[in-house]
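Undergrad: Structure: structure.cif, mmCIF, C-alpha atoms.
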data_query
loop_
_atom_site.label_atom_id
_atom_site.label_comp_id
_atom_site.auth_asym_id
_atom_site.auth_seq_id
_atom_site.Cartn_x
_atom_site.Cartn_y
_atom_site.Cartn_z
CA MET M 26 80.25 -10.51 10.40
CA ARG M 27 79.86 -9.02 6.98
CA PHE M 28 77.41 -6.17 6.32
CA ILE M 29 75.90 -5.49 2.93
CA ARG M 30 75.69 -1.83 2.03
CA PRO M 31 72.46 -1.04 0.30
CA VAL M 32 72.89 0.72 -3.00
CA VAL M 33 70.63 3.74 -3.23
CA GLY M 34 70.46 5.48 -6.57
CA LEU M 35 69.13 8.88 -7.54
CA ALA M 36 65.65 7.53 -8.08
CA GLY M 37 65.71 5.86 -4.68
CA LEU M 38 66.81 9.08 -2.95
CA LEU M 39 64.03 11.04 -4.62
CA LEU M 40 61.44 8.52 -3.57
CA LEU M 41 62.93 8.32 -0.09
CA PHE M 42 62.47 12.04 0.48
CA GLY M 43 58.98 12.14 -1.05
CA GLY M 44 59.89 13.13 -4.57
CA SER M 45 59.30 11.46 -7.90
CA PRO M 46 61.85 10.57 -10.56
CA ALA M 47 60.42 13.30 -12.77
CA PHE M 48 61.89 16.60 -11.58
CA GLY M 49 61.69 15.47 -7.92
CA GLN M 50 58.07 16.66 -7.44
CA ALA M 51 55.41 14.54 -5.76
CA PRO M 52 52.15 13.90 -7.62
CA PRO M 53 48.96 15.34 -6.16
CA THR M 54 47.85 13.31 -3.18
CA PRO M 55 44.25 12.14 -3.47
CA PRO M 56 42.00 12.59 -0.44
CA ALA M 57 41.54 9.58 1.78
CA SER M 58 37.76 9.84 2.27
CA TRP M 59 36.51 11.47 -0.94
CA THR M 60 33.90 13.70 0.65
CA ALA M 61 31.67 15.99 -1.39
CA SER M 62 33.95 18.98 -0.84
CA ASP M 63 36.76 17.17 -2.67
CA CYS M 64 34.60 16.66 -5.77
CA GLN M 65 32.68 19.94 -5.63
CA THR M 66 35.32 21.81 -7.65
CA CYS M 67 34.14 20.10 -10.82
CA HIS M 68 30.81 18.57 -9.80
CA ASP M 69 29.12 21.56 -8.17
CA LYS M 70 25.68 20.59 -9.51
CA ALA M 71 25.83 17.04 -8.18
CA VAL M 72 26.88 18.16 -4.70
CA GLY M 73 24.72 21.26 -4.53
CA PRO M 74 22.48 22.50 -1.69
CA ALA M 75 20.11 19.52 -1.88
CA PHE M 76 22.93 17.04 -1.45
CA ALA M 77 24.48 19.11 1.35
CA ALA M 78 21.22 18.77 3.32
CA SER M 79 20.98 15.00 2.81
CA LYS M 80 22.00 12.33 5.29
CA HIS M 81 24.75 11.19 2.93
CA ALA M 82 26.46 14.56 3.31
CA LYS M 83 25.72 14.93 7.02
CA LEU M 84 27.25 11.54 7.75
CA GLU M 85 30.26 12.53 5.61
CA GLN M 86 29.84 9.53 3.40
CA SER M 87 32.70 9.06 1.00
CA CYS M 88 31.93 9.51 -2.70
CA GLY M 89 33.96 6.35 -3.23
CA ASN M 90 31.38 4.36 -1.26
CA CYS M 91 29.05 4.53 -4.25
CA HIS M 92 31.25 5.54 -7.18
CA VAL M 93 34.07 3.34 -8.45
CA ASN M 94 37.44 4.39 -9.91
CA VAL M 95 37.34 7.69 -8.00
CA ALA M 96 41.10 7.72 -7.33
CA GLU M 97 41.99 7.05 -10.97
CA HIS M 98 39.54 9.71 -12.09
CA PHE M 99 41.11 12.25 -9.71
CA GLN M 100 44.65 11.51 -10.83
CA ASN M 101 43.77 11.77 -14.53
CA GLN M 102 41.99 15.06 -14.04
CA SER M 103 44.86 16.43 -11.90
CA SER M 104 47.43 15.54 -14.52
CA GLY M 105 45.46 17.30 -17.23
CA ASP M 106 45.16 14.12 -19.26
CA GLY M 107 41.37 14.00 -19.00
CA LYS M 108 41.29 10.33 -19.91
CA GLY M 109 40.75 7.25 -17.90
CA PRO M 110 37.78 5.71 -16.07
CA VAL M 111 34.80 7.92 -15.24
CA PRO M 112 33.09 7.06 -11.91
CA THR M 113 29.56 7.19 -13.30
CA LEU M 114 26.79 4.79 -12.30
CA LYS M 115 24.65 5.35 -15.37
CA LYS M 116 26.03 2.34 -17.24
CA LEU M 117 25.14 -0.12 -14.47
CA THR M 118 22.13 -2.39 -14.75
CA ALA M 119 19.18 -1.91 -12.40
CA ASN M 120 20.30 -4.85 -10.28
CA GLU M 121 23.90 -3.63 -10.07
CA LEU M 122 22.77 -0.12 -9.20
CA SER M 123 20.49 -1.36 -6.43
CA ASN M 124 23.30 -3.48 -5.01
CA VAL M 125 25.33 -0.29 -4.55
CA CYS M 126 22.59 1.12 -2.31
CA LEU M 127 21.94 -2.17 -0.53
CA LYS M 128 25.50 -2.20 0.79
CA CYS M 129 24.36 0.28 3.45
CA HIS M 130 20.55 0.39 3.35
CA GLU M 131 19.09 -2.74 4.93
CA LYS M 132 17.08 -1.66 8.00
CA ALA M 133 13.71 -1.00 6.32
CA GLY M 134 13.23 -4.35 4.63
CA GLN M 135 15.68 -3.63 1.83
CA ALA M 136 17.37 -6.96 2.49
CA ASN M 137 14.35 -8.59 0.81
CA TYR M 138 14.32 -6.19 -2.12
CA SER M 139 15.80 -8.74 -4.51
CA MET M 140 12.65 -10.90 -4.23
CA SER M 141 10.25 -7.99 -4.70
CA MET M 142 8.21 -7.25 -7.81
CA HIS M 143 10.15 -4.01 -8.23
CA ALA M 144 13.42 -5.91 -8.53
CA ARG M 145 11.89 -8.46 -10.89
CA ARG M 146 10.70 -5.60 -13.10
CA ASN M 147 14.23 -4.11 -13.14
CA VAL M 148 13.32 -1.06 -11.07
CA ALA M 149 16.48 0.46 -9.60
CA CYS M 150 16.59 2.47 -6.38
CA THR M 151 17.31 5.63 -8.33
CA GLU M 152 14.01 5.32 -10.21
CA CYS M 153 12.28 6.58 -7.07
CA HIS M 154 15.06 8.11 -4.95
CA GLY M 155 17.38 10.96 -5.83
CA VAL M 156 20.79 10.85 -4.20
CA HIS M 157 22.01 14.26 -5.33
CA GLU M 158 18.67 15.99 -6.00
CA TYR M 159 15.27 15.25 -4.46
CA LYS M 160 11.95 16.93 -3.68
CA SER M 161 10.50 15.15 -0.64
CA VAL M 162 11.08 15.97 3.00
CA ARG M 163 11.78 12.34 3.85
CA ALA M 164 13.34 9.43 1.99
CA GLN M 165 14.90 11.66 -0.71
CA LEU M 166 12.19 10.92 -3.28
CA LYS M 167 12.12 12.43 -6.74
CA THR M 168 8.59 13.69 -6.07
CA ALA M 169 7.07 15.57 -3.14
CA SER M 170 5.43 12.46 -1.61
CA ASP M 171 5.55 8.70 -1.78
CA THR M 172 2.08 8.66 -3.34
CA GLU M 173 3.17 10.77 -6.30
CA THR M 174 6.18 8.50 -6.77
CA CYS M 175 4.05 5.34 -6.84
CA PHE M 176 1.43 6.86 -9.13
CA GLU M 177 4.03 7.47 -11.83
CA CYS M 178 3.91 3.73 -12.58
CA HIS M 179 0.72 2.53 -10.87
CA LYS M 180 -1.84 4.34 -13.04
CA PRO M 181 -4.85 2.07 -12.27
CA GLU M 182 -4.42 2.67 -8.53
CA ARG M 183 -4.19 6.39 -9.16
CA ALA M 184 -7.50 6.30 -11.05
CA LYS M 185 -9.16 4.35 -8.23
CA SER M 186 -7.96 6.87 -5.64
CA MET M 187 -9.90 9.58 -7.51
CA ARG M 188 -13.21 7.80 -7.05
CA THR M 189 -15.93 8.78 -4.58
CA SER M 190 -15.14 6.30 -1.82
CA HIS M 191 -11.44 6.22 -1.02
CA HIS M 192 -8.89 6.19 1.75
CA PRO M 193 -7.67 9.70 2.70
CA VAL M 194 -4.70 9.51 0.36
CA ARG M 195 -5.73 12.51 -1.72
CA GLU M 196 -6.15 14.50 1.48
CA GLY M 197 -2.58 13.70 2.52
CA LYS M 198 -3.55 11.90 5.75
CA MET M 199 -1.94 8.68 4.56
CA GLY M 200 0.09 7.45 1.60
CA CYS M 201 0.94 4.29 -0.27
CA ALA M 202 3.72 3.59 2.22
CA SER M 203 1.14 3.48 5.02
CA CYS M 204 0.15 0.01 3.81
CA HIS M 205 2.97 -1.05 1.47
CA ASN M 206 6.71 -1.37 1.94
CA PRO M 207 8.22 -0.75 -1.50
CA HIS M 208 11.50 -2.39 -0.44
CA ASP M 209 10.23 -5.59 1.16
CA GLY M 210 9.31 -8.44 -1.15
CA ALA M 211 8.80 -11.05 1.55
CA ARG M 212 5.03 -10.50 1.78
CA PRO M 213 2.28 -10.59 -0.87
CA LYS M 214 1.66 -7.25 -2.60
CA MET M 215 4.57 -5.87 -0.54
CA ILE M 216 2.21 -5.04 2.33
CA LYS M 217 3.36 -4.23 5.86
CA ALA M 218 1.65 -7.21 7.53
CA GLU M 219 1.53 -10.97 7.21
CA SER M 220 -1.90 -10.82 5.57
CA VAL M 221 -4.37 -8.29 4.19
CA ASN M 222 -6.68 -8.74 7.18
CA GLU M 223 -3.90 -8.10 9.67
CA LEU M 224 -3.02 -4.95 7.77
CA CYS M 225 -6.62 -3.70 7.84
CA TYR M 226 -6.94 -4.46 11.55
CA THR M 227 -4.12 -2.07 12.39
CA CYS M 228 -6.61 0.77 11.77
CA HIS M 229 -9.96 -1.03 11.85
CA ALA M 230 -9.46 -2.85 15.16
CA GLU M 231 -13.22 -3.01 15.83
CA LYS M 232 -13.57 -5.41 12.89
CA ARG M 233 -11.11 -7.94 14.33
CA GLY M 234 -13.56 -9.69 16.65
CA PRO M 235 -13.99 -12.33 17.86
CA PHE M 236 -17.71 -12.28 17.15
CA LEU M 237 -20.35 -14.83 18.09
CA PHE M 238 -21.60 -15.04 14.51
CA GLU M 239 -18.95 -14.15 11.97
CA HIS M 240 -19.35 -13.62 8.26
CA ALA M 241 -17.09 -16.20 6.61
CA PRO M 242 -15.74 -13.91 3.84
CA VAL M 243 -14.56 -11.49 6.52
CA ARG M 244 -12.32 -14.13 8.03
CA GLU M 245 -11.01 -15.07 4.59
CA ASP M 246 -10.03 -11.72 3.12
CA CYS M 247 -11.23 -8.13 3.50
CA VAL M 248 -10.70 -7.49 -0.21
CA SER M 249 -13.39 -10.07 -1.03
CA CYS M 250 -15.86 -7.24 -0.52
CA HIS M 251 -13.73 -4.07 -0.33
CA GLU M 252 -11.43 -2.37 -2.83
CA PRO M 253 -8.77 -0.59 -0.73
CA HIS M 254 -7.65 1.78 -3.49
CA GLY M 255 -11.07 3.31 -4.10
CA THR M 256 -14.51 2.68 -5.62
CA ASN M 257 -17.70 4.54 -6.48
CA HIS M 258 -19.67 2.56 -3.90
CA LYS M 259 -20.09 3.22 -0.20
CA ARG M 260 -17.50 1.91 2.26
CA LEU M 261 -15.07 0.97 -0.50
CA LEU M 262 -17.31 -1.91 -1.60
CA VAL M 263 -16.46 -3.59 -4.88
CA GLN M 264 -20.15 -3.56 -5.87
CA LYS M 265 -23.24 -1.76 -4.71
CA LEU M 266 -25.63 -3.46 -2.33
CA PRO M 267 -27.44 -5.79 -2.60
CA ASN M 268 -25.66 -6.94 -5.77
CA LEU M 269 -22.53 -7.70 -3.76
CA CYS M 270 -24.41 -10.06 -1.46
CA TRP M 271 -26.14 -11.76 -4.35
CA ASN M 272 -22.80 -12.95 -5.70
CA CYS M 273 -22.85 -15.59 -2.95
CA HIS M 274 -26.37 -15.64 -1.54
CA LEU M 275 -28.50 -16.90 -4.44
CA THR M 276 -30.95 -19.81 -4.39
CA GLY M 277 -30.84 -22.48 -7.02
CA SER M 278 -34.34 -21.56 -8.19
CA GLY M 279 -33.17 -18.16 -9.34
CA HIS M 280 -34.96 -16.19 -6.63
CA PHE M 281 -32.97 -13.85 -4.45
CA GLY M 282 -32.29 -15.19 -1.00
CA SER M 283 -29.75 -17.07 1.05
CA GLY M 284 -28.25 -19.91 -0.97
CA ASP M 285 -26.83 -21.61 2.12
CA ASN M 286 -30.21 -21.28 3.88
CA TYR M 287 -28.69 -19.16 6.62
CA SER M 288 -29.78 -15.79 7.85
CA THR M 289 -26.55 -13.84 7.84
CA GLU M 290 -28.19 -11.11 9.92
CA LEU M 291 -29.37 -13.33 12.76
CA GLY M 292 -26.78 -16.06 12.39
CA ALA M 293 -29.27 -18.88 12.76
CA ARG M 294 -30.73 -21.48 10.37
CA VAL M 295 -33.96 -20.44 8.74
CA ALA M 296 -36.77 -22.95 9.42
#
Show me, as structure tokens, the structure contained in the file I just sent.

TA:
Amino acid sequence: MRFIRPVVGLAGLLLLFGGSPAFGQAPPTPPASWTASDCQTCHDKAVGPAFAASKHAKLEQSCGNCHVNVAEHFQNQSSGDGKGPVPTLKKLTANELSNVCLKCHEKAGQANYSMSMHARRNVACTECHGVHEYKSVRAQLKTASDTETCFECHKPERAKSMRTSHHPVREGKMGCASCHNPHDGARPKMIKAESVNELCYTCHAEKRGPFLFEHAPVREDCVSCHEPHGTNHKRLLVQKLPNLCWNCHLTGSGHFGSGDNYSTELGARVA
């Protein structure tokens, strides 16, 4: 039986024992996980105290999970060349940037984010959330609360919340996220229930019924009579009484009364 002797040159010996053809020294070995401590030497602001307290840092998430070309960037910086790809996310479109986050975040309705109004308006996750720097206690928002974040774009709703009759949003007892899920586009207005009435009933259970004589607009939609973001009329009504009732209960002769000839107070036909 004939055996073939492998031919090993100088370059092969250097590589075999961990060296490189250039002076027999190995290049710097990049980290395997790319944690924040590996990048902190140059990017101390991005991985500062705020990032260290975030869940990303506590779970030891790799920087390469979000940033691309991290290995090439490390090797170019280590060699002193300073050229090559930069692992920034600033050049990505809103949809591409959100897809980076959606690779991991999917438990709070984010799987339906692509069909939401936010996605259709090209609102990226980083418009509201700060990965490296944030101000809120929860959700890593760029403002102190979810309400302040929403009001940066939703100016009409902010103005309504300043009116006399309003939900306790200004008082901090609830926020926009109490009724809306900003990540879930599967429901109308991105609310947290299948319908507006079901959402209202989560707090106003006494209005659910069933009642012997029900007001038809109540069964249809609570916002037929109420403005949930705030009004200058009692009980969040869209108009003052009795003007609100007269929108539906008007006789053909022009006199005020019940147009359907029903007494809505007693629930019986008027003789």

Undergrad: Residues around (-13.4, 10.8, -0.2), cut-off 12 Å, counting only C-alpha atoms - what are they as a PyMOL selection string?

TA: chain M and resi 185-198+254-261

Undergrad: Hey, could you make a per-residue contact list for region 204-241 of chain M against region 160-176 of chain M with 12 Å as the cut-off, showing the nearest pair of atoms and its distance in Å to one decimal, counting all atoms listed in the file, sorted by chain and number, as CSV?

TA:
residue,atom,partner,partner_atom,distance
M:Cys204,CA,M:Thr172,CA,11.4
M:His205,CA,M:Cys175,CA,10.5
M:Asn206,CA,M:Asp171,CA,10.8
M:Pro207,CA,M:Cys175,CA,9.1

Undergrad: Keeping only C-alpha atoms, write those residues as a short mmCIF file (atom, residue, chain, number, x, y, z; two decimals), in the coordinates of the input.

TA:
data_model
loop_
_atom_site.label_atom_id
_atom_site.label_comp_id
_atom_site.auth_asym_id
_atom_site.auth_seq_id
_atom_site.Cartn_x
_atom_site.Cartn_y
_atom_site.Cartn_z
CA CYS M 204 0.15 0.01 3.81
CA HIS M 205 2.97 -1.05 1.47
CA ASN M 206 6.71 -1.37 1.94
CA PRO M 207 8.22 -0.75 -1.50
#

Undergrad: Would you please work out which residue, of M:Thr118, M:Asn90, M:Asn272, M:Asn137, is nearest to Thr151 (chain M) when using all atoms listed in the file?

TA: M:Thr118

Undergrad: So which residues touch region 226-237 of chain M within 10 Å, counting only C-alpha atoms, skipping near sequence neighbours fewer than 4 positions away, as a PyMOL selection string?

TA: chain M and resi 204+218+221-222+243-244+247+292

Undergrad: What separation in Å, quoted to one decimal, exists between CA of Arg183 (chain M) and CA of Ala149 (chain M)?

TA: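 Atom-to-atom, CA of Arg183 (chain M) and CA of Ala149 (chain M) are spaced 21.5 Å apart.
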
Undergrad: One decimal, in Å: what's the spacing between CA of Pro213 (chain M) and CA of Met140 (chain M)?

TA: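 Taking CA of Pro213 (chain M) and CA of Met140 (chain M), their separation equals 10.9 Å.
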
Undergrad: Can you work out which one of M:Phe76, M:Leu266, M:Asn120, M:Phe238 has the shortest atom-to-atom distance to Cys250 (chain M), counting only C-alpha atoms?

TA: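 Using only C-alpha atoms, the shortest distance to Cys250 (chain M) belongs to M:Leu266.
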
Undergrad: Work out how far CA of Pro181 (chain M) is from CA of Val156 (chain M), in Å to one decimal.

TA: 28.3 Å

Undergrad: Using only C-alpha atoms, pick whichever of M:Ala77, M:Ala119, M:Cys67, M:Val72 has the shortest atom-to-atom distance to Phe99 (chain M).

TA: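 Closest to Phe99 (chain M), using only C-alpha atoms: M:Cys67.
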
Undergrad: Pick from M:His143, M:His274, M:His157, M:Lys115: nearest to Asp69 (chain M), with only C-alpha atoms counted?

TA: M:His157

Undergrad: Using all atoms listed in the file, which protein or nucleic acid residues come within 9 Å of Ser139 (chain M)? Drop anything in the same chain fewer than 3 positions from it, and give the result as a VMD selection string.

TA: chain M and resid 120 123 135 to 136 142 to 145 208 to 210

Undergrad: Which is closer to Cys129 (chain M) than all the others in M:Cys91, M:Leu262, M:Leu269, M:Ala75, using all atoms listed in the file?

TA: M:Cys91

Undergrad: Considering all atoms listed in the file, can you say which of M:Asp63, M:Ala133, M:Lys180, M:Cys273 comes closest to Ala202 (chain M)?

TA: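 Residue with the minimum atom-to-atom distance to Ala202 (chain M): M:Ala133.
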